[in-house]
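J.: Below is one structure. I have some questions about it.
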Amino acid sequence: MRFEISNIEELDIISEHLINYLKGNVCLILDGQMGAGKTTFTKNLLKKVGVKEIVTSPTFNIMNQYKLHDLNINHIDAYRLTNEEDEQMYLEQMIDSFNIVEWSKNLAIKYENYFKVIKLKIEVIDENIRVFNLEGVN
Ligand SMILES: Nc1ncnc2c1ncn2[C@@H]1O[C@H](COP(=O)(O)OP(=O)(O)OP(=O)(O)O)[C@@H](O)[C@H]1O
Ligand SMILES: [Mg+2]
């Protein structure tokens, strides 16, 4: 699915397609350059599904966790991870959770082996326009 988005409110349309997938053992992989809007999208999605806490970027702490009823939600930014030593620790947290991962390639996890993988790729067209490509949802 392809979405051309010219303001942040329109991210709602994409989030709606993900609501049915908000459950354990799902991994939403967010791709796109620095500043593409991965964290901005995460904020929109988590707000929309009912997370009441303020969602911030896990740039420094790598992983933020939220609870929604009985579901654990992990928001991971692996940008600063450069080796494989933490892989097992993150994987343990991710099992049975709903996971959102920025810079997923920096975590040596074969996501497909453990999770239903959904990919959202963000392309920056200009200052205001982004193209979002969503794969893995019906
Ligand atoms: N259509 C749009 N969708 C998302 N963000 C947008 C859009 N238009 C403009 N922006 C702006 O682009 C910036 C995106 O920053 P954000 O932190 O979400 O990027 P990121 O992909 O998470 O970057 P990083 O890789 O550094 O974590 C924000 O300042 C946001 O306001
Ligand atoms: Mg980010």
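In the structure tokens, the first chain shown is A, the next is B, and so on; residue numbers restart at 1 for each chain, and ligands run from 1 in the order shown.
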7 Å from ligand 1 is the threshold here; counting only C-alpha atoms and all ligand atoms, which polymer residues fall inside it? Answer as a list in words.
T.: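 The distance check yields Ile5, Ser6, Asn7, Ile8, Leu11, Gly32, Gln33, Met34, Gly35, Ala36, Gly37, Lys38, Thr39, Thr40, Phe41, Ser57, Thr59, Asp77, Glu102, Glu127, Asn128, Ile129 and Arg130 of chain A.
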J.: For N, CA, C and O atoms, I'd like the residues from the last selection saved as a compact mmCIF listing (two decimals), in the first residue's frame.
T.:
# COMPACT_ATOMS: atom_id res chain seq x y z
N ILE A 5 1.76 11.54 1.95
CA ILE A 5 1.33 12.26 3.15
C ILE A 5 1.93 13.66 3.13
O ILE A 5 3.14 13.82 3.00
N SER A 6 1.09 14.67 3.25
CA SER A 6 1.64 16.03 3.24
C SER A 6 1.44 16.77 4.55
O SER A 6 1.93 17.88 4.72
N ASN A 7 0.73 16.15 5.49
CA ASN A 7 0.78 16.69 6.85
C ASN A 7 0.57 15.58 7.87
O ASN A 7 0.02 14.53 7.57
N ILE A 8 1.03 15.85 9.07
CA ILE A 8 1.15 14.80 10.07
C ILE A 8 -0.20 14.19 10.45
O ILE A 8 -0.28 13.00 10.77
N LEU A 11 -1.25 10.89 8.92
CA LEU A 11 -0.65 9.62 9.38
C LEU A 11 -1.71 8.70 9.98
O LEU A 11 -1.54 7.48 10.00
N GLY A 32 13.73 4.23 6.71
CA GLY A 32 13.77 5.58 6.15
C GLY A 32 14.91 6.35 6.78
O GLY A 32 15.30 6.07 7.92
N GLN A 33 15.41 7.31 6.04
CA GLN A 33 16.59 8.08 6.47
C GLN A 33 16.34 8.81 7.79
O GLN A 33 15.19 8.91 8.24
N MET A 34 17.39 9.32 8.36
CA MET A 34 17.29 10.13 9.57
C MET A 34 16.32 11.28 9.33
O MET A 34 16.42 11.98 8.30
N GLY A 35 15.38 11.46 10.24
CA GLY A 35 14.42 12.55 10.08
C GLY A 35 13.29 12.25 9.11
O GLY A 35 12.47 13.12 8.80
N ALA A 36 13.20 11.00 8.64
CA ALA A 36 12.15 10.66 7.68
C ALA A 36 10.76 10.74 8.32
O ALA A 36 9.77 11.07 7.65
N GLY A 37 10.69 10.40 9.60
CA GLY A 37 9.40 10.44 10.28
C GLY A 37 9.02 9.14 10.96
O GLY A 37 7.85 8.89 11.26
N LYS A 38 10.01 8.30 11.27
CA LYS A 38 9.74 7.01 11.90
C LYS A 38 9.17 7.21 13.31
O LYS A 38 8.18 6.59 13.68
N THR A 39 9.82 8.06 14.08
CA THR A 39 9.34 8.31 15.44
C THR A 39 8.02 9.08 15.42
O THR A 39 7.11 8.81 16.22
N THR A 40 7.90 10.02 14.50
CA THR A 40 6.65 10.77 14.36
C THR A 40 5.49 9.82 14.07
O THR A 40 4.41 9.94 14.65
N PHE A 41 5.73 8.85 13.20
CA PHE A 41 4.68 7.88 12.92
C PHE A 41 4.36 7.04 14.15
O PHE A 41 3.19 6.78 14.46
N SER A 57 11.31 9.69 21.57
CA SER A 57 12.24 8.87 20.79
C SER A 57 13.19 8.11 21.71
O SER A 57 13.79 8.68 22.60
N THR A 59 16.09 7.33 21.31
CA THR A 59 17.42 7.55 20.73
C THR A 59 18.53 7.12 21.69
O THR A 59 19.48 6.46 21.28
N ASP A 77 14.90 1.91 19.00
CA ASP A 77 15.70 2.65 18.02
C ASP A 77 17.11 2.08 18.10
O ASP A 77 17.86 2.38 19.03
N GLU A 102 13.05 0.96 14.75
CA GLU A 102 13.76 1.85 13.83
C GLU A 102 15.21 1.34 13.71
O GLU A 102 15.77 0.87 14.68
N GLU A 127 10.36 18.84 1.96
CA GLU A 127 10.19 19.25 3.35
C GLU A 127 8.88 18.75 3.96
O GLU A 127 8.84 18.36 5.12
N ASN A 128 7.82 18.76 3.18
CA ASN A 128 6.50 18.39 3.72
C ASN A 128 5.94 17.07 3.22
O ASN A 128 5.06 16.51 3.86
N ILE A 129 6.41 16.61 2.10
CA ILE A 129 5.79 15.41 1.52
C ILE A 129 6.63 14.17 1.79
O ILE A 129 7.85 14.15 1.61
N ARG A 130 5.92 13.14 2.26
CA ARG A 130 6.54 11.83 2.50
C ARG A 130 5.71 10.79 1.75
O ARG A 130 4.49 10.88 1.72
J.: Could you tell me, as number ranges by chain, which residues of region 56-101 of chain A DSSP assigns to strand (DSSP E or B) when given the backbone?
T.: A: 63-68, 71-77, 98-101
J.: Smallest atom-to-atom distance to ligand 2: which of A:Ser104, A:Gln65, A:Ser97, A:Asn113, using only C-alpha atoms and all ligand atoms?
T.: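 Under the stated criterion, the closest residue is A:Ser104.
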J.: I'd like to know which of A:Ile100, A:Leu81, A:Val117, A:Ile95 is closest to Leu45 (chain A), using only C-alpha atoms.
T.: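 Answer, going by the shortest atom-to-atom distance: A:Ile100.
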J.: Where in region 54-121 of chain A does DSSP assign alpha helix (DSSP H), given as a CSV table (one decimal) with C-alpha atoms, in the first residue's frame?
T.:
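File produced: selection-v4.csv:
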chain,number,residue,atom,x,y,z
A,87,GLU,CA,20.6,-9.2,20.6
A,88,GLN,CA,19.4,-11.9,23.0
A,89,MET,CA,18.2,-9.3,25.6
A,90,TYR,CA,16.2,-7.4,23.1
A,91,LEU,CA,14.8,-10.6,21.6
A,92,GLU,CA,13.6,-11.8,25.0
A,93,GLN,CA,11.7,-8.5,25.5
A,94,MET,CA,10.2,-8.6,22.0
A,111,TYR,CA,12.7,-10.9,12.6
A,112,GLU,CA,10.8,-13.2,10.2
A,113,ASN,CA,11.8,-16.2,12.3
A,114,TYR,CA,10.0,-14.9,15.4
